>>> print(open('model-v9.txt').read())   # compact mmCIF, C-alpha atoms (C1' of nucleotides)
# COMPACT_ATOMS: atom_id res chain seq x y z
CA MET A 115 0.00 0.00 0.00
CA LEU A 116 1.54 3.27 -1.17
CA ILE A 117 0.60 6.32 0.90
CA ALA A 118 1.68 9.79 -0.25
CA THR A 119 1.32 13.36 0.97
CA TRP A 120 1.52 16.58 -1.06
CA ASN A 121 0.98 20.24 -0.30
CA VAL A 122 -0.25 21.35 -3.73
CA ASN A 123 -0.60 25.10 -3.04
CA SER A 124 -4.08 25.36 -4.67
CA ILE A 125 -5.72 22.23 -6.06
CA LYS A 126 -7.30 24.27 -8.85
CA GLN A 127 -3.91 25.56 -10.01
CA ARG A 128 -2.34 22.12 -9.57
CA LEU A 129 -5.06 19.76 -10.82
CA ASP A 130 -3.08 18.62 -13.89
CA HIS A 131 -0.02 17.93 -11.71
CA CYS A 132 -2.15 16.03 -9.24
CA LEU A 133 -3.71 13.88 -11.97
CA ARG A 134 -0.28 13.23 -13.51
CA PHE A 135 1.10 12.14 -10.13
CA LEU A 136 -1.85 9.82 -9.54
CA LYS A 137 -1.33 8.24 -12.97
CA GLU A 138 2.45 7.89 -12.70
CA ALA A 139 3.01 7.02 -9.03
CA LYS A 140 -0.33 5.25 -8.59
CA PRO A 141 -0.56 5.81 -4.83
CA ASP A 142 -3.28 3.92 -2.98
CA VAL A 143 -3.77 7.02 -0.85
CA LEU A 144 -2.82 10.65 -1.48
CA CYS A 145 -3.14 13.21 1.30
CA LEU A 146 -3.43 16.77 0.01
CA GLN A 147 -2.87 20.09 1.78
CA GLU A 148 -3.42 23.75 0.92
CA LEU A 149 -6.39 23.14 -1.37
CA LYS A 150 -7.25 26.86 -1.15
CA CYS A 151 -10.84 26.23 -2.18
CA PRO A 152 -14.17 25.49 -0.51
CA ASP A 153 -15.60 21.96 -0.64
CA GLU A 154 -17.98 22.78 -3.48
CA ALA A 155 -15.13 24.00 -5.70
CA PHE A 156 -12.96 20.90 -5.21
CA PRO A 157 -12.44 19.26 -8.64
CA ALA A 158 -13.57 15.78 -7.55
CA GLY A 159 -14.76 14.65 -10.99
CA PRO A 160 -11.43 14.16 -12.79
CA ILE A 161 -9.95 12.55 -9.66
CA GLU A 162 -12.84 10.13 -9.31
CA ASP A 163 -12.47 9.31 -13.01
CA LEU A 164 -9.04 7.87 -12.14
CA GLY A 165 -10.66 5.54 -9.63
CA TYR A 166 -10.20 7.52 -6.41
CA ASN A 167 -12.64 8.16 -3.62
CA VAL A 168 -12.44 11.63 -2.15
CA ALA A 169 -12.86 13.09 1.35
CA VAL A 170 -12.49 16.88 1.43
CA HIS A 171 -12.29 19.42 4.25
CA GLY A 172 -11.93 22.69 2.38
CA GLN A 173 -12.15 26.38 3.16
CA LYS A 174 -12.40 29.54 1.14
CA ALA A 175 -9.06 31.01 0.01
CA PHE A 176 -6.69 29.31 2.48
CA ASN A 177 -5.81 25.99 4.08
CA GLY A 178 -7.91 22.96 3.09
CA VAL A 179 -7.02 19.25 3.29
CA ALA A 180 -8.21 16.12 1.53
CA ILE A 181 -7.67 12.37 1.34
CA LEU A 182 -7.84 10.57 -2.01
CA SER A 183 -8.05 6.77 -1.89
CA ARG A 184 -8.39 3.92 -4.36
CA HIS A 185 -10.01 1.93 -1.55
CA PRO A 186 -13.17 2.64 0.43
CA LEU A 187 -13.00 5.44 3.02
CA SER A 188 -14.86 5.29 6.31
CA ASP A 189 -14.83 6.92 9.77
CA VAL A 190 -14.00 10.31 8.26
CA ARG A 191 -13.13 12.93 10.88
CA MET A 192 -12.69 16.60 10.02
CA GLY A 193 -10.79 18.87 12.37
CA LEU A 194 -8.88 18.07 15.56
CA PRO A 195 -10.73 17.83 18.88
CA GLU A 196 -10.84 20.87 21.19
CA ALA A 197 -11.36 23.36 18.36
CA ASN A 198 -12.58 26.13 20.68
CA GLY A 199 -13.44 28.37 17.75
CA ASP A 200 -10.56 27.35 15.52
CA ASP A 201 -12.15 27.27 12.07
CA HIS A 202 -9.05 26.54 9.97
CA SER A 203 -9.43 23.44 7.78
CA ARG A 204 -6.16 21.73 8.62
CA TYR A 205 -6.99 18.15 9.59
CA ILE A 206 -8.88 15.26 8.01
CA GLU A 207 -8.66 11.59 8.92
CA ALA A 208 -10.20 8.42 7.49
CA VAL A 209 -9.96 4.66 7.67
CA ILE A 210 -8.79 3.04 4.43
CA SER A 211 -9.95 -0.55 3.90
CA ARG A 212 -8.22 -2.61 1.25
CA PRO A 213 -10.49 -5.25 -0.23
CA GLY A 214 -9.16 -8.60 0.95
CA GLY A 215 -7.52 -7.21 4.06
CA GLY A 216 -5.25 -4.42 5.14
CA VAL A 217 -6.74 -1.53 7.05
CA ALA A 218 -4.98 1.73 7.89
CA ARG A 219 -6.10 4.96 9.49
CA VAL A 220 -4.65 7.91 7.58
CA ALA A 221 -4.67 11.62 8.41
CA SER A 222 -3.89 14.57 6.13
CA ILE A 223 -2.33 17.36 8.19
CA TYR A 224 -1.63 21.01 7.38
CA LEU A 225 0.13 22.27 10.48
CA PRO A 226 0.15 26.07 10.97
CA ASN A 227 3.17 27.96 9.68
CA GLY A 228 3.53 30.10 12.81
CA ASN A 229 5.33 33.09 11.33
CA PRO A 230 6.07 35.74 12.29
CA LEU A 231 7.51 35.05 15.72
CA GLY A 232 6.23 37.25 18.50
CA THR A 233 2.66 37.17 17.21
CA SER A 234 -0.35 35.04 18.06
CA LYS A 235 0.40 32.96 14.96
CA PHE A 236 3.33 31.27 16.67
CA GLY A 237 1.24 30.56 19.77
CA TYR A 238 -1.46 29.14 17.53
CA LYS A 239 1.07 26.82 15.91
CA LEU A 240 2.30 25.48 19.26
CA ALA A 241 -1.24 25.09 20.62
CA TRP A 242 -2.26 23.25 17.45
CA MET A 243 0.73 20.92 17.82
CA GLU A 244 -0.31 20.11 21.38
CA ARG A 245 -3.86 19.33 20.20
CA LEU A 246 -2.36 17.06 17.55
CA ARG A 247 -0.18 15.34 20.16
CA VAL A 248 -3.16 14.60 22.39
CA HIS A 249 -5.19 13.29 19.46
CA ALA A 250 -2.29 11.15 18.22
CA GLU A 251 -1.92 9.68 21.71
CA ASN A 252 -5.58 8.62 21.60
CA LEU A 253 -5.23 7.16 18.10
CA LEU A 254 -2.13 5.20 19.12
CA ALA A 255 -4.14 3.56 21.90
CA LEU A 256 -6.16 1.85 19.14
CA GLU A 257 -3.01 -0.14 18.28
CA GLU A 258 -3.72 -0.16 14.55
CA PRO A 259 -1.75 0.85 11.46
CA LEU A 260 -1.83 4.66 11.51
CA VAL A 261 -0.20 7.17 9.17
CA LEU A 262 -0.16 10.87 10.10
CA ALA A 263 0.93 12.50 6.85
CA GLY A 264 1.24 16.09 5.79
CA ASP A 265 2.90 19.46 5.81
CA TYR A 266 4.14 19.78 9.39
CA ASN A 267 5.84 23.14 8.81
CA VAL A 268 8.66 21.91 11.04
CA ILE A 269 12.31 21.41 10.05
CA PRO A 270 13.19 18.62 12.49
CA GLU A 271 16.98 18.92 12.46
CA PRO A 272 19.87 20.97 11.00
CA ARG A 273 20.51 18.27 8.39
CA ASP A 274 17.02 18.99 7.03
CA VAL A 275 17.87 22.49 5.80
CA TYR A 276 20.46 23.77 3.32
CA ASP A 277 21.74 26.39 5.75
CA PRO A 278 20.45 26.26 9.35
CA ALA A 279 21.69 29.80 10.05
CA ASP A 280 19.22 31.16 7.48
CA TRP A 281 16.28 29.69 9.40
CA LEU A 282 17.17 30.47 13.02
CA GLY A 283 14.59 33.26 13.18
CA ASP A 284 11.83 31.28 11.49
CA ALA A 285 8.89 29.54 13.17
CA LEU A 286 9.67 26.34 11.23
CA PHE A 287 13.03 25.94 12.95
CA GLN A 288 12.36 27.26 16.47
CA PRO A 289 13.39 25.09 19.41
CA GLU A 290 9.74 25.12 20.55
CA SER A 291 8.51 23.86 17.15
CA ARG A 292 11.18 21.18 16.97
CA GLY A 293 10.52 20.18 20.58
CA ALA A 294 6.81 19.80 19.92
CA PHE A 295 7.63 17.63 16.89
CA ARG A 296 9.91 15.47 19.05
CA ARG A 297 7.16 15.13 21.66
CA LEU A 298 4.91 13.80 18.91
CA ILE A 299 7.53 11.28 17.82
CA ALA A 300 8.15 10.33 21.46
CA LEU A 301 4.61 8.98 21.69
CA GLY A 302 5.92 6.02 19.73
CA LEU A 303 5.65 7.26 16.16
CA THR A 304 8.26 6.54 13.49
CA GLU A 305 9.19 9.21 10.98
CA ALA A 306 9.12 7.21 7.76
CA VAL A 307 11.77 8.99 5.69
CA ARG A 308 14.31 9.02 8.52
CA ALA A 309 13.69 5.32 9.18
CA CYS A 310 14.89 4.64 5.63
CA ASP A 311 17.52 7.30 4.92
CA ASP A 312 19.70 9.29 7.34
CA ARG A 313 21.50 11.45 4.79
CA ALA A 314 21.56 15.23 5.00
CA GLY A 315 20.07 17.24 2.18
CA LEU A 316 16.71 15.50 1.77
CA TYR A 317 14.25 18.28 1.02
CA THR A 318 10.51 18.50 0.30
CA PHE A 319 10.11 22.27 -0.16
CA TRP A 320 11.97 24.86 -2.19
CA ASP A 321 10.79 28.48 -2.03
CA TYR A 322 9.60 30.11 -5.25
CA GLN A 323 11.87 33.07 -4.51
CA ALA A 324 15.54 33.69 -5.05
CA GLY A 325 16.13 30.70 -7.29
CA ALA A 326 15.85 28.34 -4.30
CA TRP A 327 15.09 25.30 -6.51
CA GLN A 328 17.86 25.97 -8.99
CA ARG A 329 20.35 26.40 -6.12
CA ASN A 330 18.89 23.46 -4.15
CA ARG A 331 18.21 25.64 -1.14
CA GLY A 332 15.47 23.42 0.26
CA ILE A 333 14.02 22.33 3.57
CA ARG A 334 12.35 19.10 4.74
CA ILE A 335 8.98 19.86 6.31
CA ASP A 336 6.59 17.26 4.83
CA HIS A 337 6.53 14.09 6.89
CA LEU A 338 4.78 10.75 7.37
CA LEU A 339 4.58 9.57 10.98
CA LEU A 340 3.79 5.88 11.51
CA SER A 341 2.34 3.97 14.44
CA PRO A 342 4.28 0.82 15.43
CA GLN A 343 1.74 -1.30 13.54
CA ALA A 344 2.42 0.74 10.38
CA ALA A 345 6.18 1.08 10.94
CA ASP A 346 6.46 -2.71 11.16
CA ARG A 347 5.24 -2.82 7.56
CA LEU A 348 7.38 0.04 6.19
CA VAL A 349 9.21 -1.05 3.04
CA GLU A 350 10.57 2.17 1.53
CA THR A 351 10.00 5.90 1.19
CA ARG A 352 10.37 8.31 -1.71
CA ILE A 353 10.62 12.05 -2.12
CA HIS A 354 9.13 12.78 -5.53
CA LYS A 355 11.54 15.59 -6.28
CA GLU A 356 10.98 15.55 -10.03
CA THR A 357 7.59 17.25 -9.66
CA ARG A 358 9.34 20.46 -8.53
CA GLY A 359 10.78 20.70 -12.03
CA TRP A 360 7.38 20.47 -13.74
CA GLU A 361 5.91 23.60 -15.28
CA LYS A 362 4.24 25.90 -12.73
CA PRO A 363 4.92 23.56 -9.81
CA SER A 364 3.86 23.59 -6.20
CA ASP A 365 6.66 24.73 -3.89
CA HIS A 366 6.30 21.35 -2.10
CA VAL A 367 6.87 17.88 -3.60
CA PRO A 368 5.09 14.62 -2.72
CA VAL A 369 6.57 12.26 -0.15
CA SER A 370 5.45 8.63 -0.08
CA ALA A 371 5.81 5.53 2.08
CA ARG A 372 5.18 1.98 0.93
CA LEU A 373 3.68 -0.36 3.52
CA ALA A 374 3.69 -4.12 3.04
CA PHE A 375 0.01 -4.77 2.57
C1' DA B 214 24.45 42.82 -6.17
C1' DT B 215 21.42 40.31 -1.54
C1' DG B 216 17.63 41.23 -6.19
C1' DA B 217 14.68 37.26 -7.32
C1' DC B 218 7.47 34.25 -6.06
C1' DC B 219 2.86 32.46 -6.07
C1' DT B 220 -2.18 32.37 -4.87
C1' DA B 221 -6.86 34.13 -3.76
C1' DA B 222 -9.89 37.85 -3.25
C1' DC B 223 -16.33 41.68 -3.26
C1' DT B 224 -8.84 42.31 -7.14
C1' DT B 225 -5.92 47.28 -9.26
C1' DT B 226 -3.51 46.13 -3.44
C1' DT B 227 -3.30 43.16 0.40
C1' DA B 228 -2.77 39.06 3.16
C1' DG B 229 -0.81 34.67 3.66
C1' DG B 230 2.52 31.59 2.81
C1' DA B 231 7.54 29.53 4.32
>>> encode(input="model-v9.txt", output="structure tokens")
Amino acid sequence: MLIATWNVNSIKQRLDHCLRFLKEAKPDVLCLQELKCPDEAFPAGPIEDLGYNVAVHGQKAFNGVAILSRHPLSDVRMGLPEANGDDHSRYIEAVISRPGGGVARVASIYLPNGNPLGTSKFGYKLAWMERLRVHAENLLALEEPLVLAGDYNVIPEPRDVYDPADWLGDALFQPESRGAFRRLIALGLTEAVRACDDRAGLYTFWDYQAGAWQRNRGIRIDHLLLSPQAADRLVETRIHKETRGWEKPSDHVPVSARLAF
DNA sequence: ATGACCTAACTTTTAGGA
């Protein structure tokens, strides 16, 4: 079972790229972030024509997450618990059931950016991460294959950025952000890419500005976190870097994990 | 040289992103 995540930076602008990725990589599940459209504007038709079921949690203009799956979706949850007025569409979760066996719970996550520091946006990011941690703890108690995939907006370690000094003042690389990410991992989750490859210089995002892609000034912020029952089945991961070279690309590229079922 | 982008919106400028 191939599970992928991709921040597409507007599904309407990136529909052709999304369809091409579905046709070429043939993921069983694709988690999308930054749809930037309300539910009713989500282009479900062409995606369904490729054999995918769709669960969408959209929002006008910003945010928005979705799960595409070749297999039936059930138990769809939209939004993290304890919203307390938080109306950002940043979390959707569903159970994927492969015909003939193999069930996994998958979440598509668009974690808040948190910039600039010193504003409520950074506090919102940290509070959201704590809500995610509590929810993940509850999901782990189910002791089932679980994949928390998405744009975490966290650079976990210095080896995940071309030049750490450039990011010291950024919410993505703050000690508090990295600590909250480690607390999530410490629940017993396995970060899929790092379980397969410990090299420096693995990136999933290159800014549109300043020729970041051409100069390979990237950062690694898109992650798949696996429960023990999913990690036991992890075969390989891939960063689909080639999509960043496509015409009018997203600034993020897909990341995928193959599980043995 | 320290510049350079992209997207959505009650659009002609601003907010948000990272």
>>> closest_residue(input="model-v9.txt", among="A:Gly302, A:Gly293, A:Gly283, A:Gly359", to="chain B", atoms="all atoms listed in the file")
A:Gly283
>>> atom_distance(input="model-v9.txt", atom1="atom CA of A:Leu116", atom2="atom CA of A:Lys140")
7.9 Å
>>> closest_atom_pairs(input="model-v9.txt", of="chain B", to="chain A", cutoff="7 Å", atoms="all atoms listed in the file", output="CSV")
residue,atom,partner,partner_atom,distance
B:DA217,C1',A:Ala324,CA,4.3
B:DC218,C1',A:Tyr322,CA,4.7
B:DA221,C1',A:Ala175,CA,5.4
>>> closest_residue(input="model-v9.txt", among="A:Pro230, A:Asp189, A:Asn252, A:Gly165", to="B:DG230", atoms="only C-alpha atoms (C1' of nucleotides)")
A:Pro230
